[in-house]
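Have a look at entry_27.cif below; it lists mmCIF, C-alpha atoms.
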```
data_query
#
loop_
_atom_site.label_atom_id
_atom_site.label_comp_id
_atom_site.auth_asym_id
_atom_site.auth_seq_id
_atom_site.Cartn_x
_atom_site.Cartn_y
_atom_site.Cartn_z
CA MET A 16 18.24 12.58 -33.55
CA ASN A 17 20.92 15.26 -33.33
CA ARG A 18 23.95 15.43 -35.60
CA ALA A 19 26.43 14.34 -32.92
CA ALA A 20 24.45 11.17 -32.18
CA ALA A 21 24.08 10.48 -35.89
CA ALA A 22 27.81 10.96 -36.43
CA ALA A 23 28.81 8.61 -33.59
CA PRO A 24 26.44 5.66 -33.27
CA GLY A 25 26.07 4.35 -29.75
CA ARG A 26 27.24 7.62 -28.23
CA THR A 27 25.26 8.80 -25.22
CA ASP A 28 24.73 12.55 -25.30
CA ARG A 29 23.51 14.13 -22.13
CA PRO A 30 21.58 17.32 -21.63
CA GLY A 31 23.39 20.36 -20.29
CA PHE A 32 23.62 21.00 -16.55
CA GLY A 33 21.27 23.99 -16.72
CA ARG A 34 18.65 21.96 -18.53
CA MET A 35 18.93 19.11 -16.02
CA LEU A 36 18.58 21.55 -13.09
CA TRP A 37 15.54 23.17 -14.71
CA ARG A 38 13.94 19.77 -15.20
CA GLY A 39 14.70 18.84 -11.60
CA ALA A 40 13.18 22.08 -10.31
CA ARG A 41 9.95 21.10 -12.08
CA ARG A 42 9.90 17.56 -10.58
CA ARG A 43 10.82 15.96 -13.89
CA CYS A 44 13.46 13.37 -14.63
CA ALA A 45 16.71 15.28 -15.01
CA TRP A 46 17.89 12.94 -17.76
CA CYS A 47 14.90 12.64 -20.09
CA GLY A 48 12.50 15.33 -18.84
CA GLY A 49 9.67 12.84 -18.27
CA ARG A 50 6.77 14.24 -16.24
CA ARG A 51 6.04 12.68 -12.85
CA ALA A 52 9.07 10.53 -13.51
CA PHE A 53 9.79 9.42 -9.95
CA PHE A 54 7.03 10.79 -7.74
CA THR A 55 3.63 9.17 -7.77
CA GLY A 56 2.47 11.52 -5.00
CA TRP A 57 4.03 14.30 -2.97
CA PHE A 58 6.05 11.89 -0.79
CA SER A 59 5.78 8.54 -2.58
CA LYS A 60 8.48 7.60 -5.08
CA GLN A 61 8.96 4.80 -7.55
CA ASP A 62 12.32 3.14 -8.20
CA ARG A 63 12.78 4.12 -11.85
CA CYS A 64 11.73 6.83 -14.25
CA HIS A 65 8.72 5.53 -16.13
CA THR A 66 9.91 7.33 -19.30
CA CYS A 67 13.61 6.44 -19.66
CA GLY A 68 14.05 3.78 -16.96
CA ILE A 69 16.96 5.42 -15.15
CA SER A 70 17.30 4.23 -11.57
CA TRP A 71 16.44 6.60 -8.76
CA GLN A 72 19.42 6.00 -6.47
CA ARG A 73 21.82 4.68 -9.09
CA GLY A 74 23.56 2.13 -6.90
CA TYR A 75 24.59 3.85 -3.70
CA GLU A 76 22.96 4.34 -0.33
CA GLY A 77 23.94 7.97 0.32
CA PHE A 78 21.69 9.50 -2.33
CA GLU A 79 19.16 10.79 0.21
CA LEU A 80 21.89 12.70 2.04
CA GLY A 81 22.60 14.82 -1.04
CA ALA A 82 18.91 15.53 -1.51
CA ALA A 83 18.58 16.47 2.17
CA ALA A 84 21.58 18.80 1.82
CA ILE A 85 19.96 20.54 -1.16
CA ASN A 86 16.76 20.89 0.89
CA ALA A 87 18.67 22.35 3.85
CA VAL A 88 20.61 24.82 1.71
CA ILE A 89 17.47 26.12 -0.01
CA THR A 90 15.50 26.28 3.26
CA PHE A 91 18.25 28.02 5.23
CA GLY A 92 18.87 30.43 2.36
CA LEU A 93 15.19 31.41 2.27
CA LEU A 94 15.12 31.79 6.05
CA VAL A 95 18.18 34.05 6.04
CA VAL A 96 16.56 36.20 3.36
CA GLY A 97 13.39 36.27 5.51
CA VAL A 98 15.35 37.41 8.55
CA ALA A 99 17.02 40.18 6.54
CA ILE A 100 13.69 41.37 5.12
CA GLY A 101 12.05 41.21 8.55
CA VAL A 102 14.81 43.19 10.22
CA ILE A 103 15.00 45.81 7.46
CA ALA A 104 11.21 46.19 7.33
CA THR A 105 10.87 46.75 11.08
CA LEU A 106 13.87 49.03 11.69
CA PRO A 107 14.59 50.87 14.02
CA ASP A 108 12.56 48.80 16.52
CA VAL A 109 13.01 45.22 15.29
CA ALA A 110 9.90 43.13 15.96
CA VAL A 111 11.65 39.94 17.04
CA LEU A 112 8.64 37.84 18.09
CA PRO A 113 6.65 38.20 14.82
CA ILE A 114 9.79 37.50 12.80
CA VAL A 115 10.56 34.37 14.84
CA ILE A 116 6.96 33.11 14.56
CA ILE A 117 6.78 33.66 10.80
CA LEU A 118 10.20 32.11 10.20
CA GLY A 119 9.36 29.20 12.51
CA ILE A 120 6.32 28.44 10.39
CA GLY A 121 8.51 28.78 7.27
CA ALA A 122 11.13 26.44 8.75
CA VAL A 123 8.49 23.71 8.97
CA THR A 124 6.58 24.33 5.74
CA ILE A 125 9.38 25.15 3.28
CA PRO A 126 11.18 21.77 3.49
CA THR A 127 7.86 19.98 3.08
CA LEU A 128 6.90 22.05 0.04
CA ILE A 129 10.23 21.66 -1.75
CA TYR A 130 10.82 18.00 -0.82
CA PRO A 131 10.19 16.46 -4.27
CA MET A 132 12.09 19.17 -6.11
CA THR A 133 15.20 18.74 -3.98
CA TYR A 134 15.39 15.07 -4.87
CA THR A 135 15.14 15.70 -8.61
CA ILE A 136 17.55 18.66 -8.37
CA TRP A 137 20.04 16.43 -6.56
CA GLN A 138 19.58 13.82 -9.25
CA ALA A 139 20.56 16.46 -11.83
CA VAL A 140 23.73 17.23 -9.86
CA ASP A 141 24.46 13.52 -9.50
CA LEU A 142 23.93 12.91 -13.23
CA MET A 143 26.32 15.76 -14.01
CA MET A 144 28.99 14.30 -11.73
CA ARG A 145 28.36 10.66 -12.68
CA PRO A 146 26.83 10.20 -16.15
CA PRO A 147 24.61 7.12 -16.53
CA GLU A 148 26.33 3.86 -17.25
CA PRO A 149 24.78 0.96 -19.17
CA GLY A 150 23.54 -0.68 -15.95
CA ASP A 151 21.64 2.45 -14.89
CA GLY A 152 18.87 1.79 -17.37
CA ALA A 153 18.95 5.10 -19.23
CA PRO A 154 18.87 4.98 -23.02
CA PRO A 155 21.05 7.34 -25.05
CA PHE A 156 19.67 10.85 -24.84
CA VAL A 157 18.04 12.19 -27.99
CA PRO A 158 16.89 15.83 -27.66
#
```

Structure rendered as structure tokens:
Amino acid sequence: MNRAAAAAPGRTDRPGFGRMLWRGARRRCAWCGGRRAFFTGWFSKQDRCHTCGISWQRGYEGFELGAAAINAVITFGLLVVGVAIGVIATLPDVAVLPIVIILGIGAVTIPTLIYPMTYTIWQAVDLMMRPPEPGDGAPPFVP
């Protein structure tokens, strides 16, 4: 138990935003760091973290929209970088067709590959904006 938690009993300390994002990027629970906390497979999720018990959606229906937005931002960012690299690498005669084919394949595969991470990254953002409340099921954080 850390000193702050020992000094104030019942106080819920939360991990820093960077730590929660790092945990989310590794498909872990952003709150407790539990492995395989929400995903039982690549696309199948469970409702609560099996380590700390925090709820996946935390009481509102729009949670998937935030995760989809994170997925879109990462995917589009990688595609823009791919376009820039493709154009710079093939100057002065830009090879449009190979660039479009490669980026088309990337546009389909990248969102599929990063799907679980975008949900746990969004959960980290959500936990930073709205810390867990007693009804969310998360115990006080002890680093």

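Take the candidates A:Leu94, A:Ile116, A:Pro146, A:Ala139 and check each one against Phe32 of chain A using only C-alpha atoms; the shortest distance goes to A:Ala139.
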
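For the choices A:Ile129, A:Ile117, A:Thr135, A:Leu36, the atom-to-atom distance to Cys64 of chain A is smallest for A:Thr135 when using all atoms listed in the file.
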
Nearest residue to Trp46 of chain A from the set A:Leu128, A:Val98, A:Ile69, A:Leu80 (distances using all atoms listed in the file): A:Ile69

Selection dump of the PyMOL selection byres ((chain A and resi 140) around 12), as an MDAnalysis selection string: chainID A and resid 30:40 44:46 78 81:82 84:85 133:139 141:146

Between atom CA of Ser70 of chain A and atom CA of Phe58 of chain A, distance in Å (one decimal): 17.4 Å

Å distance separating atom CA of Thr127 of chain A from atom CA of Ala104 of chain A, one decimal place: 26.8 Å

Residues in the PyMOL selection byres ((chain A and resi 51) around 10), expressed as an NGL selection string: :A and (41-44 or 48-50 or 52-56 or 60-61 or 64-66)

For Gln72 of chain A: contacts at 9 Å, all atoms listed in the file, fewer than 4 positions along chain excluded, given as a VMD selection string: chain A and resid 62 to 63 76 to 79 138

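Picture a line from atom CA of Pro126 of chain A to atom CA of Val102 of chain A; it runs 22.7 Å.
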
Nearest to Thr124 of chain A, chosen from A:Leu112, A:Asn86, A:Cys47, A:Tyr75, with all atoms listed in the file counted in the distances: A:Asn86

Please, what is the axis-aligned box for every listed atom of segment 73-89 of chain A with 5 Å on each side, as centre and edge lengths in Å to one decimal, as AutoDock Vina command-line options?
```
--center_x 20.7 --center_y 14.1 --center_z -2.6 --size_x 17.8 --size_y 34.0 --size_z 22.9
```
